[in-house]
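Engineer: Please find one structure pasted underneath; my questions will follow.
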Amino acid sequence: MVQTRSKIWPYIHGNWWYDLFKITSTRITVLPATGELPKPPEQPVVFLEDLTDGDASSSLRLPVGLVNLGNTCYMNSTLQCLRTIPELEIALRRFTATPQSGPNGMLTTELRRLYEAMSQTTDKMIPAIFLQKLRVVAPQFAEQRPGQGYAQQDAEECLGSILTAMRDSHLKVHTSDDSPPAELVEKYIMGEMTTEHLCDEAPEETSTVSVSAFLKLDCNINITTNYMQTGIKESLDQKIEKHSPTLGRTATYSQKSRISRLPSNLIVHMVRFWWRQDINKKAKIMRKVKFPFELDVLDFVTEDLKRKLLPVNARLKEIENDRHERRKVRKRTRKINTSSSVVVPSAPAPPVSPTVTVGGNEAPEGVERMSETIHDTVMSSDADADERDIRARETSELEALIDPELRADIGSNVTGIYELVGMITHKGASADSGHYIAFARADVLDSRDELNPDYDRDMDQWVRFDDDKVSPIPAEKVAALDGGGEDSAAYILLYRSKKAI
């Protein structure tokens, strides 16, 4: 048993009734116990403050942290955030590097070994070998400063380097024995963007359309950006200058980009660092930008994709609202039943007093309350069973609404709705310094049973990874990491497809 030391003793010592026991004239009557004395615990009580980091993580069922090897918080936070991608560890289990894989395959192999070791221990890990392989693949992470050791690096660049290495090493996900394996990065993380260019100065010029793959969505931040969705929209609609074949010179074009394929896992990059030419240095934008825990991307997709997503998107929102209302009703019902029931004592009921008349078919009060308690328990079990049946019908209904083309596209998002599962924050005022911290939703790492009818994503607990220091954190504190100062601000956000379960 793990407990925290009581903080009550200092207050007891200073209260007046504590001094009562020091009065010699006070007579205290001690009554003997009628039953057996309580037995001491089989294992001695251990206080949380006395545990090591490994024992504390084991007691609280927390994931393990990674030791900072000298300005490597950018790498540690990236590795912790990537673990929220469920398909990643599935793909790593069956990965074997080939001679053609080169340094990228060696990095992917070491990532597999590191994740396996992290899942089999409660002690902090030292990712020295992975860091060595990373610096071979991306030499910029081996930069050193005179007298200061290794330089601080950008977590967004580290994330891109690791994903590129996994892509080049052809890391694949085996969904079933019947279907061929799918490329993890290309199918589950990368999306497709359709971009159209219109010449503002020559409207008669034919527009050009191009299709390209993207690894992340950028959220541009300026003096008017207050919400992440606004920043993403601004990054999709821009004004650029390029050569016009009609005018024979450089002209202004309207660039409109829309997503034509959504991946299962969506990365959003808050563009907080930019190059200031006046000081010839990268600067940080510390503006407060609110981000959602649930992201609907219908406004960012092409009209064709929106038409395919809309039926299941709208129905999923209705089902989520219905489930939320049913959940509130069950909680109220259980609260009323709990308050109206009493605990039935294990000892026999006392004999009925001679002055009390007992007759007819009425049962004694204790028996009646016991019956009410059993009835409430049965009603609660029936309600849970009914909820599971309702959810099964809702899931079947949603499955029928999925567009056939989207269903056949392995690794794509078929609803257009995402939920936040991981995040990397940056703390500090400078782009070349500061500190990176990772956050991950606890149920994603712990594989909690989400089939529980009372499971509420709004009440999820999160885990904070500050290098080797790992601690739980409530969702409301994660929501406060939206910037506005030098404290931790959201920098990279990882969303996954929201599923109807």
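FYI, nothing fancy with the structure tokens labels: chains A, B, ... in order, residues from 1 per chain, ligands from 1 as they appear.
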What lies within 9 Å of Phe293 (chain A) using only C-alpha atoms, ignoring chain neighbours under 4 positions off, as a list of chain:residue names?

Structural biologist: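 Near neighbours after the sequence-gap exclusion: A:Tyr418, A:Glu419, A:Leu420, A:Val421, A:Asp458, A:Ala479, A:Tyr495.
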
Engineer: Could you give me, as JSON lines, a per-residue list for region 407-499 of chain A showing, wherever an atom lies at most 12 Å from an atom of region 225-239 of chain A, the closest pair of atoms and their distance in Å to one decimal, using only C-alpha atoms and sorting by chain then residue number from low to high?

Structural biologist:
{"residue": "A:Asp482", "atom": "CA", "partner": "A:Tyr227", "partner_atom": "CA", "distance": 9.5}
{"residue": "A:Gly483", "atom": "CA", "partner": "A:Asn226", "partner_atom": "CA", "distance": 10.5}
{"residue": "A:Gly484", "atom": "CA", "partner": "A:Asn226", "partner_atom": "CA", "distance": 10.6}
{"residue": "A:Ala490", "atom": "CA", "partner": "A:Met228", "partner_atom": "CA", "distance": 10.4}
{"residue": "A:Tyr491", "atom": "CA", "partner": "A:Met228", "partner_atom": "CA", "distance": 11.1}
{"residue": "A:Ile492", "atom": "CA", "partner": "A:Met228", "partner_atom": "CA", "distance": 11.5}
{"residue": "A:Leu493", "atom": "CA", "partner": "A:Met228", "partner_atom": "CA", "distance": 10.5}

Engineer: I need the chosen residues saved as a CSV table (one decimal), in the first residue's frame, with all heavy atoms.

Structural biologist:
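Saved to selection.csv:
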chain,number,residue,atom,x,y,z
A,482,ASP,N,-1.4,26.9,-24.1
A,482,ASP,CA,-1.7,27.6,-25.4
A,482,ASP,C,-0.8,28.8,-25.6
A,482,ASP,O,-1.1,29.5,-26.5
A,482,ASP,CB,-3.2,27.9,-25.4
A,482,ASP,CG,-3.6,28.7,-24.2
A,482,ASP,OD1,-2.8,29.0,-23.3
A,482,ASP,OD2,-4.8,29.0,-24.1
A,483,GLY,N,0.2,29.0,-24.8
A,483,GLY,CA,1.1,30.1,-25.0
A,483,GLY,C,0.7,31.4,-24.3
A,483,GLY,O,-0.1,31.3,-23.3
A,484,GLY,N,1.3,32.5,-24.7
A,484,GLY,CA,1.0,33.8,-24.1
A,484,GLY,C,2.1,34.3,-23.2
A,484,GLY,O,2.0,35.3,-22.6
A,490,ALA,N,2.2,25.1,-26.6
A,490,ALA,CA,2.0,24.0,-27.6
A,490,ALA,C,2.8,24.3,-28.9
A,490,ALA,O,2.7,25.4,-29.5
A,490,ALA,CB,0.5,23.8,-28.0
A,491,TYR,N,3.6,23.3,-29.4
A,491,TYR,CA,4.4,23.5,-30.5
A,491,TYR,C,4.1,22.5,-31.6
A,491,TYR,O,3.9,22.8,-32.8
A,491,TYR,CB,5.9,23.4,-30.1
A,491,TYR,CG,6.9,23.6,-31.2
A,491,TYR,CD1,6.7,24.7,-32.1
A,491,TYR,CD2,7.9,22.7,-31.4
A,491,TYR,CE1,7.6,24.8,-33.2
A,491,TYR,CE2,8.8,22.9,-32.4
A,491,TYR,CZ,8.7,24.0,-33.3
A,491,TYR,OH,9.6,24.1,-34.3
A,492,ILE,N,4.0,21.2,-31.2
A,492,ILE,CA,3.6,20.2,-32.1
A,492,ILE,C,2.4,19.4,-31.5
A,492,ILE,O,2.5,19.0,-30.3
A,492,ILE,CB,4.8,19.2,-32.4
A,492,ILE,CG1,5.9,19.9,-33.1
A,492,ILE,CG2,4.3,18.0,-33.2
A,492,ILE,CD1,7.1,19.1,-33.3
A,493,LEU,N,1.3,19.2,-32.3
A,493,LEU,CA,0.2,18.5,-31.7
A,493,LEU,C,-0.1,17.3,-32.6
A,493,LEU,O,-0.1,17.4,-33.9
A,493,LEU,CB,-1.1,19.4,-31.7
A,493,LEU,CG,-0.9,20.7,-30.9
A,493,LEU,CD1,-0.6,21.9,-31.7
A,493,LEU,CD2,-2.2,20.9,-30.1

Engineer: Could you tell me which of A:Ile90, A:Val64, A:Ala314, A:Ala442 comes closest to Val470 (chain A) if we count only C-alpha atoms?

Structural biologist: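 Looking only at the distances to Val470 (chain A), the closest residue turns out to be A:Val64.
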
Engineer: In Å, rounded to a single decimal, give me how far CA of Ile221 (chain A) is from CA of Ala151 (chain A).

Structural biologist: 26.1 Å

Engineer: Could you tell me, as a count of residues only, which residues of region 192-246 of chain A DSSP assigns to strand (DSSP E) when given the backbone?

Structural biologist: 26

Engineer: Rank A:Glu387, A:Glu116, A:Glu204, A:Asp443 by their smallest atom-to-atom distance to Pro472 (chain A), using only C-alpha atoms, and report the top residue only.

Structural biologist: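 Closest candidate: A:Asp443.
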
Engineer: Check the DSSP output for the backbone and give back, as a PyMOL selection string, the residues of region 412-499 of chain A in helix (DSSP H, G or I).

Structural biologist: chain A and resi 442-446+457-459+475-479

Engineer: Listing only residues of region 136-168 of chain A within 12 Å of region 178-202 of chain A, what is the closest atom pair and its distance in Å (to one decimal) for each, using only C-alpha atoms, sorted by chain and residue number ascending, as a Markdown table?

Structural biologist:
| residue | atom | partner | partner_atom | distance |
| --- | --- | --- | --- | --- |
| A:Gly160 | CA | A:Val185 | CA | 11.0 |
| A:Ile162 | CA | A:Val185 | CA | 10.5 |
| A:Leu163 | CA | A:Val185 | CA | 6.9 |
| A:Thr164 | CA | A:Val185 | CA | 8.2 |
| A:Ala165 | CA | A:Val185 | CA | 9.8 |
| A:Met166 | CA | A:Val185 | CA | 7.1 |
| A:Arg167 | CA | A:Val185 | CA | 5.6 |
| A:Asp168 | CA | A:Val185 | CA | 9.4 |

Engineer: Residues as selected, all heavy atoms, written as an mmCIF file, in the first residue's frame, can you do that?

Structural biologist:
data_model
loop_
_atom_site.group_PDB
_atom_site.id
_atom_site.type_symbol
_atom_site.label_atom_id
_atom_site.label_comp_id
_atom_site.auth_asym_id
_atom_site.auth_seq_id
_atom_site.Cartn_x
_atom_site.Cartn_y
_atom_site.Cartn_z
ATOM 1 N N GLY A 160 10.673 15.330 -38.036
ATOM 2 C CA GLY A 160 10.753 15.112 -39.469
ATOM 3 C C GLY A 160 11.863 14.144 -39.853
ATOM 4 O O GLY A 160 11.686 13.311 -40.758
ATOM 5 N N ILE A 162 13.123 11.658 -38.013
ATOM 6 C CA ILE A 162 12.765 10.285 -37.619
ATOM 7 C C ILE A 162 11.719 9.708 -38.571
ATOM 8 O O ILE A 162 11.819 8.552 -39.005
ATOM 9 C CB ILE A 162 12.257 10.265 -36.160
ATOM 10 C CG1 ILE A 162 13.375 10.674 -35.201
ATOM 11 C CG2 ILE A 162 11.722 8.887 -35.797
ATOM 12 C CD1 ILE A 162 12.938 10.794 -33.757
ATOM 13 N N LEU A 163 10.712 10.498 -38.933
ATOM 14 C CA LEU A 163 9.678 10.014 -39.845
ATOM 15 C C LEU A 163 10.257 9.737 -41.231
ATOM 16 O O LEU A 163 9.870 8.765 -41.893
ATOM 17 C CB LEU A 163 8.539 11.034 -39.935
ATOM 18 C CG LEU A 163 7.695 11.208 -38.667
ATOM 19 C CD1 LEU A 163 6.651 12.297 -38.872
ATOM 20 C CD2 LEU A 163 7.022 9.894 -38.275
ATOM 21 N N THR A 164 11.171 10.578 -41.685
ATOM 22 C CA THR A 164 11.809 10.347 -42.981
ATOM 23 C C THR A 164 12.631 9.062 -42.961
ATOM 24 O O THR A 164 12.621 8.291 -43.932
ATOM 25 C CB THR A 164 12.710 11.539 -43.352
ATOM 26 O OG1 THR A 164 11.918 12.730 -43.407
ATOM 27 C CG2 THR A 164 13.379 11.318 -44.690
ATOM 28 N N ALA A 165 13.320 8.818 -41.853
ATOM 29 C CA ALA A 165 14.099 7.579 -41.739
ATOM 30 C C ALA A 165 13.194 6.358 -41.765
ATOM 31 O O ALA A 165 13.512 5.343 -42.414
ATOM 32 C CB ALA A 165 14.926 7.613 -40.452
ATOM 33 N N MET A 166 12.054 6.423 -41.085
ATOM 34 C CA MET A 166 11.123 5.293 -41.096
ATOM 35 C C MET A 166 10.528 5.092 -42.488
ATOM 36 O O MET A 166 10.317 3.963 -42.935
ATOM 37 C CB MET A 166 10.019 5.522 -40.066
ATOM 38 C CG MET A 166 10.489 5.443 -38.618
ATOM 39 S SD MET A 166 9.147 5.365 -37.423
ATOM 40 C CE MET A 166 8.374 6.965 -37.672
ATOM 41 N N ARG A 167 10.284 6.191 -43.177
ATOM 42 C CA ARG A 167 9.733 6.079 -44.531
ATOM 43 C C ARG A 167 10.756 5.462 -45.483
ATOM 44 O O ARG A 167 10.419 4.570 -46.266
ATOM 45 C CB ARG A 167 9.306 7.462 -45.027
ATOM 46 C CG ARG A 167 8.714 7.450 -46.428
ATOM 47 C CD ARG A 167 8.495 8.865 -46.942
ATOM 48 N NE ARG A 167 7.915 8.864 -48.267
ATOM 49 C CZ ARG A 167 7.754 9.952 -49.008
ATOM 50 N NH1 ARG A 167 8.149 11.139 -48.543
ATOM 51 N NH2 ARG A 167 7.223 9.888 -50.208
ATOM 52 N N ASP A 168 11.991 5.927 -45.422
ATOM 53 C CA ASP A 168 13.026 5.415 -46.321
ATOM 54 C C ASP A 168 13.417 3.977 -46.011
ATOM 55 O O ASP A 168 13.932 3.269 -46.881
ATOM 56 C CB ASP A 168 14.264 6.323 -46.261
ATOM 57 C CG ASP A 168 13.991 7.705 -46.836
ATOM 58 O OD1 ASP A 168 12.970 7.862 -47.538
ATOM 59 O OD2 ASP A 168 14.781 8.625 -46.557
#
